[in-house]
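J.: final34.cif is the file, holding mmCIF, C-alpha atoms and all ligand atoms:
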data_target
#
loop_
_atom_site.label_atom_id
_atom_site.label_comp_id
_atom_site.auth_asym_id
_atom_site.auth_seq_id
_atom_site.Cartn_x
_atom_site.Cartn_y
_atom_site.Cartn_z
CA MET A 1 -120.81 41.11 -33.98
CA ILE A 2 -119.12 38.52 -31.76
CA VAL A 3 -121.04 37.85 -28.57
CA GLY A 4 -119.52 35.90 -25.69
CA VAL A 5 -122.00 34.09 -23.47
CA VAL A 6 -120.70 33.04 -20.05
CA GLY A 7 -122.78 30.29 -18.46
CA ALA A 8 -124.47 27.78 -20.78
CA GLY A 9 -127.49 26.90 -18.63
CA THR A 10 -131.15 27.73 -19.25
CA MET A 11 -130.61 31.43 -19.84
CA GLY A 12 -127.17 31.26 -21.47
CA ALA A 13 -128.39 28.76 -24.08
CA GLY A 14 -131.55 30.79 -24.75
CA ILE A 15 -129.59 34.03 -25.11
CA ALA A 16 -127.06 32.31 -27.38
CA GLN A 17 -129.89 31.09 -29.62
CA VAL A 18 -131.39 34.58 -29.86
CA CYS A 19 -128.02 36.11 -30.76
CA LEU A 20 -127.28 33.43 -33.36
CA GLN A 21 -130.68 33.91 -34.99
CA ALA A 22 -129.98 37.63 -35.24
CA GLY A 23 -126.83 36.89 -37.24
CA HIS A 24 -124.19 37.25 -34.52
CA GLU A 25 -121.34 34.87 -33.89
CA VAL A 26 -121.51 33.35 -30.42
CA LEU A 27 -118.76 32.01 -28.20
CA LEU A 28 -120.39 29.84 -25.55
CA TYR A 29 -118.46 29.26 -22.33
CA ASP A 30 -119.26 27.46 -19.09
CA ILE A 31 -117.04 26.50 -16.17
CA ASP A 32 -118.44 22.99 -16.57
CA ASP A 33 -117.34 21.59 -19.94
CA ALA A 34 -120.28 19.19 -20.09
CA ALA A 35 -122.65 22.15 -19.67
CA ILE A 36 -121.29 23.68 -22.90
CA GLY A 37 -122.31 20.49 -24.74
CA ARG A 38 -125.75 20.54 -23.11
CA GLY A 39 -126.12 24.24 -23.92
CA ARG A 40 -125.24 23.57 -27.54
CA GLU A 41 -127.82 20.77 -27.66
CA ARG A 42 -130.42 23.13 -26.23
CA VAL A 43 -129.60 25.78 -28.85
CA GLU A 44 -129.83 23.20 -31.62
CA ALA A 45 -133.14 21.85 -30.31
CA GLY A 46 -134.48 25.42 -30.14
CA LEU A 47 -133.46 26.09 -33.73
CA GLU A 48 -135.01 22.80 -34.86
CA ARG A 49 -138.28 23.70 -33.12
CA GLY A 50 -138.22 27.01 -34.98
CA VAL A 51 -137.80 25.17 -38.29
CA ALA A 52 -140.51 22.62 -37.44
CA ARG A 53 -142.95 25.43 -36.64
CA GLY A 54 -142.12 27.26 -39.83
CA ARG A 55 -140.66 30.25 -37.99
CA VAL A 56 -137.03 29.73 -39.01
CA PRO A 57 -135.99 28.78 -42.56
CA ALA A 58 -133.88 25.60 -42.50
CA ASP A 59 -130.94 27.38 -44.19
CA ASP A 60 -130.98 30.12 -41.54
CA ALA A 61 -131.00 27.54 -38.78
CA ALA A 62 -128.00 25.78 -40.35
CA ALA A 63 -126.15 29.09 -40.70
CA ALA A 64 -127.00 30.00 -37.08
CA ARG A 65 -125.68 26.64 -35.89
CA ALA A 66 -122.44 27.22 -37.80
CA ARG A 67 -121.94 30.58 -36.06
CA LEU A 68 -121.91 28.91 -32.61
CA ARG A 69 -118.48 28.12 -31.23
CA ASN A 70 -117.58 26.41 -27.96
CA ALA A 71 -115.15 28.34 -25.79
CA HIS A 72 -113.25 26.38 -23.18
CA THR A 73 -111.71 29.31 -21.32
CA LEU A 74 -112.84 32.75 -20.32
CA ASP A 75 -109.77 34.09 -22.17
CA ALA A 76 -111.05 32.61 -25.42
CA VAL A 77 -114.36 34.46 -24.95
CA ALA A 78 -112.83 37.75 -23.92
CA ALA A 79 -110.17 37.79 -26.64
CA GLU A 80 -112.73 38.11 -29.42
CA ALA A 81 -116.02 39.34 -28.01
CA ASP A 82 -117.48 42.79 -28.73
CA LEU A 83 -120.05 42.08 -26.05
CA VAL A 84 -120.01 39.52 -23.25
CA ILE A 85 -123.28 38.48 -21.63
CA GLU A 86 -122.82 36.72 -18.33
CA ALA A 87 -125.55 34.24 -17.39
CA ALA A 88 -123.83 32.19 -14.68
CA LEU A 89 -125.37 31.50 -11.27
CA GLU A 90 -127.18 34.18 -9.27
CA ASP A 91 -124.37 34.75 -6.76
CA ILE A 92 -122.82 38.17 -6.32
CA GLU A 93 -119.33 36.92 -5.42
CA LEU A 94 -119.29 34.54 -8.39
CA LYS A 95 -120.37 37.30 -10.75
CA ARG A 96 -117.81 39.73 -9.34
CA THR A 97 -115.08 37.12 -9.84
CA ILE A 98 -116.17 36.60 -13.46
CA PHE A 99 -116.32 40.35 -14.15
CA ARG A 100 -112.91 40.95 -12.57
CA ALA A 101 -111.44 38.31 -14.88
CA LEU A 102 -113.33 39.54 -17.95
CA ASP A 103 -112.21 43.10 -17.31
CA GLY A 104 -108.58 42.00 -17.39
CA LEU A 105 -109.02 40.02 -20.57
CA ALA A 106 -111.58 41.78 -22.76
CA ARG A 107 -110.90 44.56 -25.24
CA PRO A 108 -111.18 47.99 -23.59
CA ASP A 109 -114.13 48.93 -25.81
CA ALA A 110 -116.03 45.69 -25.20
CA ILE A 111 -119.28 45.89 -23.27
CA LEU A 112 -119.71 43.57 -20.33
CA ALA A 113 -123.31 42.69 -19.50
CA THR A 114 -124.93 40.65 -16.77
CA ASN A 115 -128.23 38.81 -17.00
CA THR A 116 -128.75 39.00 -13.23
CA SER A 117 -132.40 38.92 -12.12
CA ALA A 118 -131.96 40.64 -8.80
CA LEU A 119 -128.36 41.51 -7.97
CA SER A 120 -126.97 45.03 -8.15
CA VAL A 121 -125.37 45.72 -11.53
CA GLY A 122 -123.40 48.55 -9.89
CA GLU A 123 -121.88 46.19 -7.33
CA ILE A 124 -120.81 43.85 -10.11
CA ALA A 125 -119.44 46.71 -12.26
CA ALA A 126 -117.47 48.12 -9.32
CA VAL A 127 -114.83 45.39 -9.54
CA THR A 128 -113.96 46.40 -13.10
CA SER A 129 -111.84 49.26 -14.40
CA ARG A 130 -114.64 50.07 -16.89
CA PRO A 131 -117.89 50.52 -14.93
CA GLY A 132 -119.06 52.83 -17.73
CA ARG A 133 -119.09 49.83 -20.07
CA VAL A 134 -120.98 47.51 -17.74
CA VAL A 135 -124.75 47.15 -18.08
CA GLY A 136 -127.54 44.79 -17.11
CA LEU A 137 -129.25 42.88 -19.92
CA HIS A 138 -132.10 41.10 -18.16
CA PHE A 139 -133.60 38.60 -20.57
CA PHE A 140 -136.72 36.70 -19.54
CA ASN A 141 -137.22 32.96 -19.63
CA PRO A 142 -137.53 31.44 -22.24
CA ALA A 143 -135.25 33.98 -23.90
CA PRO A 144 -136.10 33.02 -27.52
CA ALA A 145 -139.83 33.56 -26.87
CA MET A 146 -139.92 36.52 -24.52
CA ALA A 147 -139.82 39.92 -26.20
CA LEU A 148 -138.73 41.99 -23.22
CA VAL A 149 -135.18 42.81 -22.17
CA GLU A 150 -134.66 45.12 -19.21
CA VAL A 151 -131.58 47.21 -19.95
CA VAL A 152 -130.29 48.08 -16.51
CA ALA A 153 -128.29 51.27 -16.26
CA ALA A 154 -126.24 51.43 -13.08
CA ASP A 155 -125.10 54.83 -11.77
CA ALA A 156 -121.75 54.51 -13.52
CA THR A 157 -123.04 53.02 -16.80
CA ALA A 158 -122.22 55.43 -19.64
CA ALA A 159 -125.10 56.76 -21.75
CA GLU A 160 -123.28 55.44 -24.82
CA THR A 161 -123.26 51.93 -23.34
CA VAL A 162 -126.99 52.12 -22.67
CA ASP A 163 -127.55 53.28 -26.26
CA ARG A 164 -125.43 50.45 -27.63
CA ALA A 165 -127.23 47.91 -25.44
CA VAL A 166 -130.64 49.21 -26.56
CA ALA A 167 -129.60 49.04 -30.23
CA PHE A 168 -128.24 45.54 -29.70
CA CYS A 169 -131.55 44.35 -28.20
CA ARG A 170 -133.54 45.93 -31.03
CA GLY A 171 -131.27 44.10 -33.48
CA LEU A 172 -132.25 40.86 -31.73
CA GLY A 173 -135.88 41.69 -32.43
CA LYS A 174 -136.50 42.31 -28.72
CA THR A 175 -138.16 45.23 -26.96
CA PRO A 176 -135.61 46.85 -24.65
CA VAL A 177 -136.83 48.89 -21.69
CA VAL A 178 -134.27 50.99 -19.85
CA CYS A 179 -134.45 51.00 -16.07
CA ALA A 180 -132.38 51.97 -13.06
CA ASP A 181 -130.27 49.57 -11.05
CA SER A 182 -132.85 49.16 -8.32
CA PRO A 183 -133.98 45.96 -6.52
CA GLY A 184 -136.11 43.77 -8.81
CA PHE A 185 -135.65 46.28 -11.67
CA ILE A 186 -139.18 46.72 -13.12
CA VAL A 187 -140.98 43.43 -13.61
CA ASN A 188 -139.80 41.43 -10.60
CA ARG A 189 -140.66 44.38 -8.40
CA VAL A 190 -143.96 45.63 -9.81
CA ILE A 191 -145.31 42.07 -10.10
CA ARG A 192 -144.66 41.33 -6.42
CA PRO A 193 -148.23 42.10 -5.20
CA PHE A 194 -149.60 39.66 -7.79
CA THR A 195 -148.37 36.75 -5.70
CA LEU A 196 -147.99 38.40 -2.27
CA GLU A 197 -151.55 39.72 -2.08
CA ALA A 198 -152.84 36.42 -3.46
CA LEU A 199 -151.04 34.57 -0.67
CA ARG A 200 -152.47 36.98 1.90
CA PHE A 201 -156.03 36.27 0.78
CA VAL A 202 -155.45 32.60 1.57
CA ASP A 203 -153.42 33.27 4.68
CA ALA A 204 -156.20 35.45 6.08
CA GLY A 205 -158.80 32.79 5.31
CA GLU A 206 -160.54 35.22 2.94
CA ALA A 207 -160.42 33.19 -0.24
CA ALA A 208 -159.44 29.78 -1.55
CA ILE A 209 -156.47 29.23 -3.85
CA GLU A 210 -158.54 28.28 -6.88
CA ASP A 211 -160.88 31.26 -6.35
CA VAL A 212 -157.94 33.68 -6.49
CA ASP A 213 -156.59 31.99 -9.61
CA GLU A 214 -159.97 31.96 -11.30
CA ALA A 215 -160.61 35.62 -10.48
CA MET A 216 -157.29 36.74 -11.96
CA GLU A 217 -157.58 34.52 -15.04
CA ALA A 218 -161.12 35.80 -15.68
CA ALA A 219 -159.70 39.34 -15.51
CA GLY A 220 -157.36 38.53 -18.41
CA TYR A 221 -154.15 37.50 -16.64
CA PRO A 222 -152.56 34.55 -18.46
CA MET A 223 -152.20 32.52 -15.29
CA GLY A 224 -153.48 32.89 -11.73
CA PRO A 225 -150.89 33.70 -9.04
CA PHE A 226 -150.81 30.21 -7.52
CA ARG A 227 -150.51 28.48 -10.88
CA LEU A 228 -147.75 30.97 -11.72
CA MET A 229 -145.84 30.23 -8.50
CA ASP A 230 -146.15 26.49 -9.21
CA LEU A 231 -144.73 27.03 -12.69
CA VAL A 232 -141.84 29.30 -11.67
CA GLY A 233 -141.06 27.31 -8.51
CA ILE A 234 -142.36 28.36 -5.10
CA ASP A 235 -138.78 28.35 -3.81
CA VAL A 236 -137.66 30.68 -6.61
CA ASN A 237 -140.58 33.03 -5.97
CA LEU A 238 -139.90 33.01 -2.21
CA ALA A 239 -136.21 33.80 -2.77
CA VAL A 240 -137.15 36.85 -4.86
CA ALA A 241 -139.75 37.90 -2.27
CA ARG A 242 -137.18 37.62 0.53
CA SER A 243 -134.51 39.52 -1.38
CA LEU A 244 -136.89 42.41 -2.15
CA TYR A 245 -138.19 42.47 1.44
CA ALA A 246 -134.59 42.88 2.64
CA ALA A 247 -133.73 45.40 -0.10
CA PHE A 248 -136.76 47.57 0.78
CA ASP A 249 -135.90 47.65 4.50
CA GLU A 250 -138.64 45.19 5.37
CA ALA A 251 -141.43 47.43 4.10
CA PRO A 252 -144.72 45.66 5.03
CA ARG A 253 -145.88 45.47 1.41
CA PHE A 254 -142.94 43.20 0.59
CA ARG A 255 -143.34 40.91 3.61
CA PRO A 256 -143.10 37.27 2.41
CA SER A 257 -145.98 34.95 3.25
CA PRO A 258 -145.78 32.21 5.91
CA LEU A 259 -147.77 30.00 3.54
CA GLN A 260 -145.02 30.17 0.96
CA SER A 261 -142.32 29.32 3.53
CA ALA A 262 -144.38 26.34 4.72
CA MET A 263 -144.70 25.08 1.16
CA VAL A 264 -140.95 25.30 0.62
CA GLU A 265 -140.18 23.63 3.97
CA ALA A 266 -142.52 20.80 3.01
CA GLY A 267 -140.67 20.37 -0.29
CA ARG A 268 -143.73 21.37 -2.29
CA LEU A 269 -142.07 23.55 -4.86
CA GLY A 270 -144.61 23.40 -7.67
CA ARG A 271 -144.55 21.55 -10.96
CA LYS A 272 -140.94 20.49 -10.63
CA THR A 273 -141.75 18.39 -7.52
CA GLY A 274 -145.13 17.24 -8.83
CA ILE A 275 -146.91 19.14 -6.06
CA GLY A 276 -147.25 22.76 -5.10
CA PHE A 277 -150.54 24.54 -4.62
CA TYR A 278 -151.83 22.04 -7.18
CA ARG A 279 -150.94 18.40 -7.83
CA TYR A 280 -149.40 17.59 -11.19
CA ALA A 281 -149.10 14.58 -13.41
CA ALA A 282 -146.90 14.47 -16.50
CA ASP A 283 -149.79 15.74 -18.61
CA GLY A 284 -150.87 18.69 -16.47
CA ALA A 285 -152.61 19.80 -13.27
CA LEU A 286 -154.67 17.22 -11.40
CA GLY A 287 -156.36 19.63 -9.02
CA ILE A 288 -155.79 21.47 -5.84
CA ALA A 289 -153.46 20.00 -3.20
CA ASP A 290 -154.03 20.05 0.57
CA LEU A 291 -151.92 22.64 2.34
CA PRO A 292 -148.97 21.27 4.33
CA THR A 293 -149.89 20.15 7.85
CA THR A 294 -147.06 22.33 9.21
CA TYR A 295 -148.78 25.44 7.91
CA ALA A 296 -150.60 27.44 10.55
CA PRO A 297 -152.68 30.10 8.84
CA ALA A 298 -152.79 33.50 10.46
CA HIS A 299 -156.59 33.23 10.52
CA PRO A 300 -157.47 29.58 10.97
CA LYS A 301 -161.14 30.17 10.18
CA SER A 302 -160.58 29.45 6.53
CA GLY A 303 -163.27 28.95 3.93
CA GLY A 304 -163.80 32.65 3.24
CA ALA A 305 -165.08 33.42 -0.22
CA ALA A 306 -164.14 36.95 -1.18
CA PRO A 307 -165.93 37.90 -4.40
CA ALA A 308 -163.79 37.89 -7.55
CA ALA A 309 -164.10 41.66 -7.93
CA ARG A 310 -162.62 42.22 -4.46
CA ILE A 311 -159.72 39.89 -5.24
CA THR A 312 -158.82 41.48 -8.57
CA ALA A 313 -159.31 45.03 -7.26
CA ARG A 314 -156.96 44.52 -4.32
CA ILE A 315 -154.25 42.84 -6.36
CA GLU A 316 -154.46 45.38 -9.19
CA LEU A 317 -154.49 48.40 -6.84
CA ALA A 318 -151.41 47.06 -5.08
CA ILE A 319 -149.64 46.57 -8.43
CA ILE A 320 -150.57 50.10 -9.54
CA ASN A 321 -149.29 51.49 -6.25
CA GLU A 322 -146.00 49.60 -6.63
CA ALA A 323 -145.62 50.99 -10.15
CA TYR A 324 -146.02 54.52 -8.77
CA HIS A 325 -143.45 53.76 -6.05
CA ALA A 326 -141.06 52.70 -8.83
CA VAL A 327 -141.65 55.98 -10.69
CA ASP A 328 -141.14 57.95 -7.46
CA GLU A 329 -137.77 56.24 -7.17
CA GLN A 330 -136.97 56.97 -10.83
CA VAL A 331 -136.66 53.30 -11.75
CA ALA A 332 -138.34 53.90 -15.12
CA GLU A 333 -140.95 55.99 -16.90
CA PRO A 334 -144.63 54.97 -16.83
CA PRO A 335 -144.89 53.94 -20.53
CA ASP A 336 -141.80 51.74 -20.11
CA ILE A 337 -143.22 50.16 -16.97
CA ASP A 338 -146.48 49.46 -18.82
CA ARG A 339 -144.58 47.89 -21.71
CA ALA A 340 -142.43 45.82 -19.36
CA MET A 341 -145.44 44.46 -17.46
CA ARG A 342 -147.28 43.55 -20.65
CA LEU A 343 -144.31 41.87 -22.29
CA GLY A 344 -142.42 40.52 -19.28
CA ALA A 345 -145.36 39.45 -17.12
CA GLY A 346 -148.04 38.99 -19.77
CA HIS A 347 -150.42 41.35 -17.97
CA PRO A 348 -153.33 42.42 -20.17
CA LYS A 349 -152.63 46.09 -19.43
CA GLY A 350 -149.77 47.95 -17.84
CA PRO A 351 -150.41 49.39 -14.36
CA PHE A 352 -150.65 52.99 -15.58
CA GLU A 353 -153.04 52.00 -18.36
CA ARG A 354 -155.16 50.18 -15.78
CA ALA A 355 -155.01 53.19 -13.43
CA GLY A 356 -156.14 55.37 -16.33
CA ASP A 357 -159.13 53.09 -16.94
CA LEU A 358 -160.11 53.15 -13.30
CA GLY A 359 -159.45 56.85 -12.72
CA LEU A 360 -156.81 58.00 -10.26
CA ARG A 361 -159.33 59.08 -7.65
CA VAL A 362 -160.83 55.61 -7.62
CA VAL A 363 -157.32 54.17 -7.28
CA VAL A 364 -156.42 56.38 -4.33
CA GLU A 365 -159.78 55.91 -2.62
CA GLY A 366 -159.51 52.16 -3.12
CA LEU A 367 -156.03 52.12 -1.58
CA ALA A 368 -157.21 54.28 1.32
CA ARG A 369 -160.08 51.85 1.94
CA LEU A 370 -157.67 48.92 1.91
CA ALA A 371 -155.32 50.78 4.27
CA ARG A 372 -158.19 51.15 6.76
CA SER A 373 -159.15 47.47 6.50
CA HIS A 374 -158.49 44.78 9.10
CA GLU A 375 -155.71 43.19 7.11
CA PRO A 376 -152.46 42.82 9.08
CA ASP A 377 -150.04 45.65 8.14
CA ALA A 378 -152.75 47.12 5.90
CA ALA A 379 -151.91 50.71 6.74
CA GLY A 380 -148.29 50.35 5.63
CA ARG A 381 -149.05 48.07 2.71
CA PHE A 382 -151.54 50.22 0.90
CA THR A 383 -150.35 53.74 1.67
CA PRO A 384 -150.45 55.44 -1.73
CA ALA A 385 -147.07 56.20 -3.28
CA GLU A 386 -146.17 59.87 -3.04
CA GLY A 387 -146.44 60.60 -6.76
CA LEU A 388 -149.81 58.88 -7.00
CA TRP A 389 -151.13 60.83 -4.05
CA ARG A 390 -149.86 64.10 -5.53
CA ILE A 391 -151.41 63.56 -8.97
CA ALA A 392 -154.70 62.25 -7.63
CA THR A 393 -155.21 65.14 -5.23
CA ILE A 394 -154.43 67.96 -7.66
N1 LIG B 401 -134.01 31.01 -15.13
C1 LIG B 401 -134.66 32.16 -15.24
O1 LIG B 401 -135.90 32.21 -15.31
C2 LIG B 401 -133.88 33.45 -15.29
C3 LIG B 401 -134.47 34.57 -15.87
C4 LIG B 401 -133.74 35.76 -15.98
C5 LIG B 401 -132.46 35.81 -15.45
N2 LIG B 401 -131.92 34.70 -14.85
C6 LIG B 401 -130.55 34.79 -14.34
O2 LIG B 401 -129.68 34.22 -15.29
C7 LIG B 401 -128.56 33.63 -14.64
C8 LIG B 401 -128.47 32.16 -15.04
O3 LIG B 401 -129.64 31.49 -14.68
P1 LIG B 401 -130.03 30.06 -15.27
O4 LIG B 401 -131.43 29.81 -14.89
O5 LIG B 401 -129.62 29.99 -16.69
O6 LIG B 401 -129.08 29.11 -14.41
P2 LIG B 401 -128.56 27.64 -14.77
O7 LIG B 401 -128.28 26.99 -13.45
O8 LIG B 401 -129.47 26.96 -15.73
O9 LIG B 401 -127.18 27.89 -15.53
C9 LIG B 401 -126.07 28.49 -14.92
C10 LIG B 401 -124.81 27.97 -15.61
O10 LIG B 401 -123.71 28.77 -15.15
C11 LIG B 401 -122.59 27.89 -15.06
N3 LIG B 401 -121.56 28.49 -14.23
C12 LIG B 401 -121.44 28.46 -12.88
N4 LIG B 401 -120.33 29.12 -12.51
C13 LIG B 401 -119.75 29.57 -13.62
C14 LIG B 401 -118.56 30.32 -13.89
N5 LIG B 401 -117.75 30.71 -12.91
N6 LIG B 401 -118.27 30.62 -15.17
C15 LIG B 401 -119.08 30.19 -16.19
N7 LIG B 401 -120.19 29.48 -15.99
C16 LIG B 401 -120.52 29.18 -14.72
C17 LIG B 401 -123.16 26.60 -14.54
O11 LIG B 401 -122.28 25.50 -14.79
C18 LIG B 401 -124.48 26.51 -15.29
O12 LIG B 401 -124.34 25.77 -16.48
C19 LIG B 401 -128.76 33.87 -13.15
O13 LIG B 401 -128.09 35.04 -12.77
C20 LIG B 401 -130.27 34.04 -13.05
O14 LIG B 401 -130.67 34.80 -11.93
C21 LIG B 401 -132.59 33.52 -14.79
#
Kindly transcribe the structure held in the file into structure tokens.
Ligand SMILES: NC(=O)c1ccc[n+]([C@@H]2O[C@H](COP(=O)([O-])OP(=O)(O)OC[C@H]3O[C@@H](n4cnc5c(N)ncnc54)[C@H](O)[C@@H]3O)[C@@H](O)[C@H]2O)c1

T.:
Amino acid sequence: MIVGVVGAGTMGAGIAQVCLQAGHEVLLYDIDDAAIGRGRERVEAGLERGVARGRVPADDAAAARARLRNAHTLDAVAAEADLVIEAALEDIELKRTIFRALDGLARPDAILATNTSALSVGEIAAVTSRPGRVVGLHFFNPAPAMALVEVVAADATAAETVDRAVAFCRGLGKTPVVCADSPGFIVNRVIRPFTLEALRFVDAGEAAIEDVDEAMEAAGYPMGPFRLMDLVGIDVNLAVARSLYAAFDEAPRFRPSPLQSAMVEAGRLGRKTGIGFYRYAADGALGIADLPTTYAPAHPKSGGAAPAARITARIELAIINEAYHAVDEQVAEPPDIDRAMRLGAGHPKGPFERAGDLGLRVVVEGLARLARSHEPDAAGRFTPAEGLWRIATI
């Protein structure tokens, strides 16, 4: 198959590498010619790493490299591609412009896919004459290593397109999970309480940053919420939080944290700036950083020390509740949400598996207790999702 990749940055290069390794030909395009060269270098370095680690035979890597072609115009991509995967910047107008152009140039049977993390696939598809052949293919970073791909079916996406996209992902050796075109899709939505509730513990003076991280890591999560935000970029995490807060009509459970905004305003974005919630040197974390002086906690009497069990219970209950909200809204089925959270977020268990371990009554009673607590907005934040309430009270 010939795959066109539009945008040769972090994701475009990773996706190109995955496609090449699966035996596809790839046409790599970027509006910035130099970025195509850098993307190619990144693909080649990725293939070389695979060879060095014994995961990719040297002959296969050479053959993969030979299947990569630079494309200097969008026409050159569209003229040949069976599937185009757009991985340009996260800007709706930019993506709509690209899709309008692709639609005019690509073969009528070609599938046009977007790797958007948070934009509406339907709004992008609407500018084309073939919304039935437009789909979201949400790869995770780093694409060569992450097994999950969220296959986002917008209202107008044809069932056949979804089937073809699923088969394509399987052919890449990935695990596709189909979901609806809803804000944050599965992972970016269901994972929200992982960082938001963590931030609220600190904001309310109930727990220290390292205590929250230690509690979650001891519970089997690969990285505590603050270490995770430092890795992803506090600015990136805040942007997602803000976009979901807006998309969910400012529902209290999505309210971004003032601590996060203060960090971003102070330029403390995490590892990439050498300081976030922790301080970093080239060879790793150096320890906890002081909070910015501009940050005024909601409850200045800090120094609280919530026990680890209270921290993990609250964060996990909020994640379970969000997963039930997603099912209520028909974003995806529970087994798919579980799979997505294990593979896309590295959680030790999916939220429905965790709820099963705890027992649904315990989950609902725990949420009800949290809703009655003194936490700001607690009532709105922890109200059990309708479907959860229904099942638990049968
Ligand atoms: N980085 C992640 O963790 C991640 C994960 C999943 C999805 N995404 C999504 O993938 C997309 C790309 O993200 P990224 O991190 O690779 O960004 P990036 O900044 O690394 O790369 C984007 C590339 O797109 C190019 N570009 C800009 N306008 C273009 C145009 N009109 N035509 C062709 N190319 C154009 C840029 O020159 C740049 O090389 C975004 O929509 C992002 O939300 C990112």

J.: Collect all residues with atoms no farther than 7 Å from ligand LIG 401 (chain B), counting only C-alpha atoms and all ligand atoms, and output them as a ChimeraX atom specification.

T.: /A:6-12,29-32,35,87-90,94,98,115-118,138-141

J.: Using all atoms listed in the file, which of the listed residues (A:Asp377, A:Asp203, A:Glu41, A:Asp33) sits closest to Pro258 in chain A?

T.: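 The answer is A:Asp203, which sits nearest to Pro258 in chain A.
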
J.: Thr175 in chain A: which residues within 7 Å, counting only C-alpha atoms, same-chain residues fewer than 4 positions away excluded, as number ranges by chain?

T.: A: 147-149, 169-170

J.: Selected residues, C-alpha atoms, written as a short mmCIF file (atom, residue, chain, number, x, y, z; two decimals), in the frame of the given file, please.

T.:
data_model
loop_
_atom_site.label_atom_id
_atom_site.label_comp_id
_atom_site.auth_asym_id
_atom_site.auth_seq_id
_atom_site.Cartn_x
_atom_site.Cartn_y
_atom_site.Cartn_z
CA ALA A 147 -139.82 39.92 -26.20
CA LEU A 148 -138.73 41.99 -23.22
CA VAL A 149 -135.18 42.81 -22.17
CA CYS A 169 -131.55 44.35 -28.20
CA ARG A 170 -133.54 45.93 -31.03
#

J.: From the options A:Val26, A:Ile394, A:Val77, A:Leu119, which residue's atoms come nearest to Ser243 in chain A, counting all atoms listed in the file?

T.: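 Under the stated criterion, the closest residue is A:Leu119.
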
J.: Please measure the separation of CA of Cys179 in chain A and CA of Ala332 in chain A, giving the value in Å to one decimal.

T.: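 For CA of Cys179 in chain A relative to CA of Ala332 in chain A, the distance reads 4.9 Å.
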
J.: Write out as a list in words each polymer residue whose atoms come within 9 Å of Glu322 in chain A, counting all atoms listed in the file; drop sequence neighbours fewer than 6 positions from it.

T.: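 The neighbour list is Arg189, Val190, Ile191, Arg192, Pro193, Pro351, Pro384 and Ala385 of chain A.
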
J.: One number please: CA of Pro376 in chain A to CA of Ser257 in chain A, in Å, one decimal.

T.: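 Pair CA of Pro376 in chain A / CA of Ser257 in chain A returns 11.7 Å.
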
J.: Find the residues near Gly122 in chain A: any atom within 10 Å, counting all atoms listed in the file, skip ones fewer than 2 places away on the same chain, and give them as JSON, numbers by chain.

T.: {"A": [119, 120, 124, 125, 126, 127, 131, 132, 134, 135, 136, 152, 153, 154, 155, 156, 157, 181, 182]}

J.: Using the selection just defined, write its residues with C-alpha atoms as a PDB file, in the frame of the given file.

T.:
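Now in part00.pdb:
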ATOM      1  CA  LEU A 119    -128.360  41.510  -7.970  1.00  0.00           C
ATOM      2  CA  SER A 120    -126.970  45.030  -8.150  1.00  0.00           C
ATOM      3  CA  ILE A 124    -120.810  43.850 -10.110  1.00  0.00           C
ATOM      4  CA  ALA A 125    -119.440  46.710 -12.260  1.00  0.00           C
ATOM      5  CA  ALA A 126    -117.470  48.120  -9.320  1.00  0.00           C
ATOM      6  CA  VAL A 127    -114.830  45.390  -9.540  1.00  0.00           C
ATOM      7  CA  PRO A 131    -117.890  50.520 -14.930  1.00  0.00           C
ATOM      8  CA  GLY A 132    -119.060  52.830 -17.730  1.00  0.00           C
ATOM      9  CA  VAL A 134    -120.980  47.510 -17.740  1.00  0.00           C
ATOM     10  CA  VAL A 135    -124.750  47.150 -18.080  1.00  0.00           C
ATOM     11  CA  GLY A 136    -127.540  44.790 -17.110  1.00  0.00           C
ATOM     12  CA  VAL A 152    -130.290  48.080 -16.510  1.00  0.00           C
ATOM     13  CA  ALA A 153    -128.290  51.270 -16.260  1.00  0.00           C
ATOM     14  CA  ALA A 154    -126.240  51.430 -13.080  1.00  0.00           C
ATOM     15  CA  ASP A 155    -125.100  54.830 -11.770  1.00  0.00           C
ATOM     16  CA  ALA A 156    -121.750  54.510 -13.520  1.00  0.00           C
ATOM     17  CA  THR A 157    -123.040  53.020 -16.800  1.00  0.00           C
ATOM     18  CA  ASP A 181    -130.270  49.570 -11.050  1.00  0.00           C
ATOM     19  CA  SER A 182    -132.850  49.160  -8.320  1.00  0.00           C
TER      20      SER A 182
END

J.: Rounded to one decimal place, report the CA of Val364 in chain A-CA of Leu388 in chain A distance in Å.

T.: 7.6 Å

J.: Considering all atoms listed in the file, can you say which of A:Ile85, A:Leu74, A:Val362, A:Ala45 comes closest to Ala62 in chain A?

T.: A:Ala45

J.: How big is the axis-aligned box, and where does its centre sit, when it encloses all atoms of range 348-360 of chain A listed in the file and has 5 Å added on every side, reported in Å to one decimal as JSON?

T.:
{"center_x": -154.9, "center_y": 50.2, "center_z": -15.2, "size_x": 20.3, "size_y": 25.6, "size_z": 19.9}

J.: Ranking A:Ile311, A:Val240, A:Ile111, A:Val51 by minimum distance to Glu206 in chain A and counting all atoms listed in the file, which one comes first?

T.: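 Among the listed residues, A:Ile311 lies closest to Glu206 in chain A.
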
J.: Residues within 9 Å of Thr393 in chain A, please, as a PyMOL selection string. Count all atoms listed in the file; anything in the same chain fewer than 2 positions from it doesn't count.

T.: chain A and resi 360-361+364+388-391

J.: With distances taken over all atoms listed in the file, which of A:Val18, A:Ile36, A:Val264, A:Val187 is nearest to Leu343 in chain A?

T.: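 For Leu343 in chain A, the nearest of the given residues is A:Val187.
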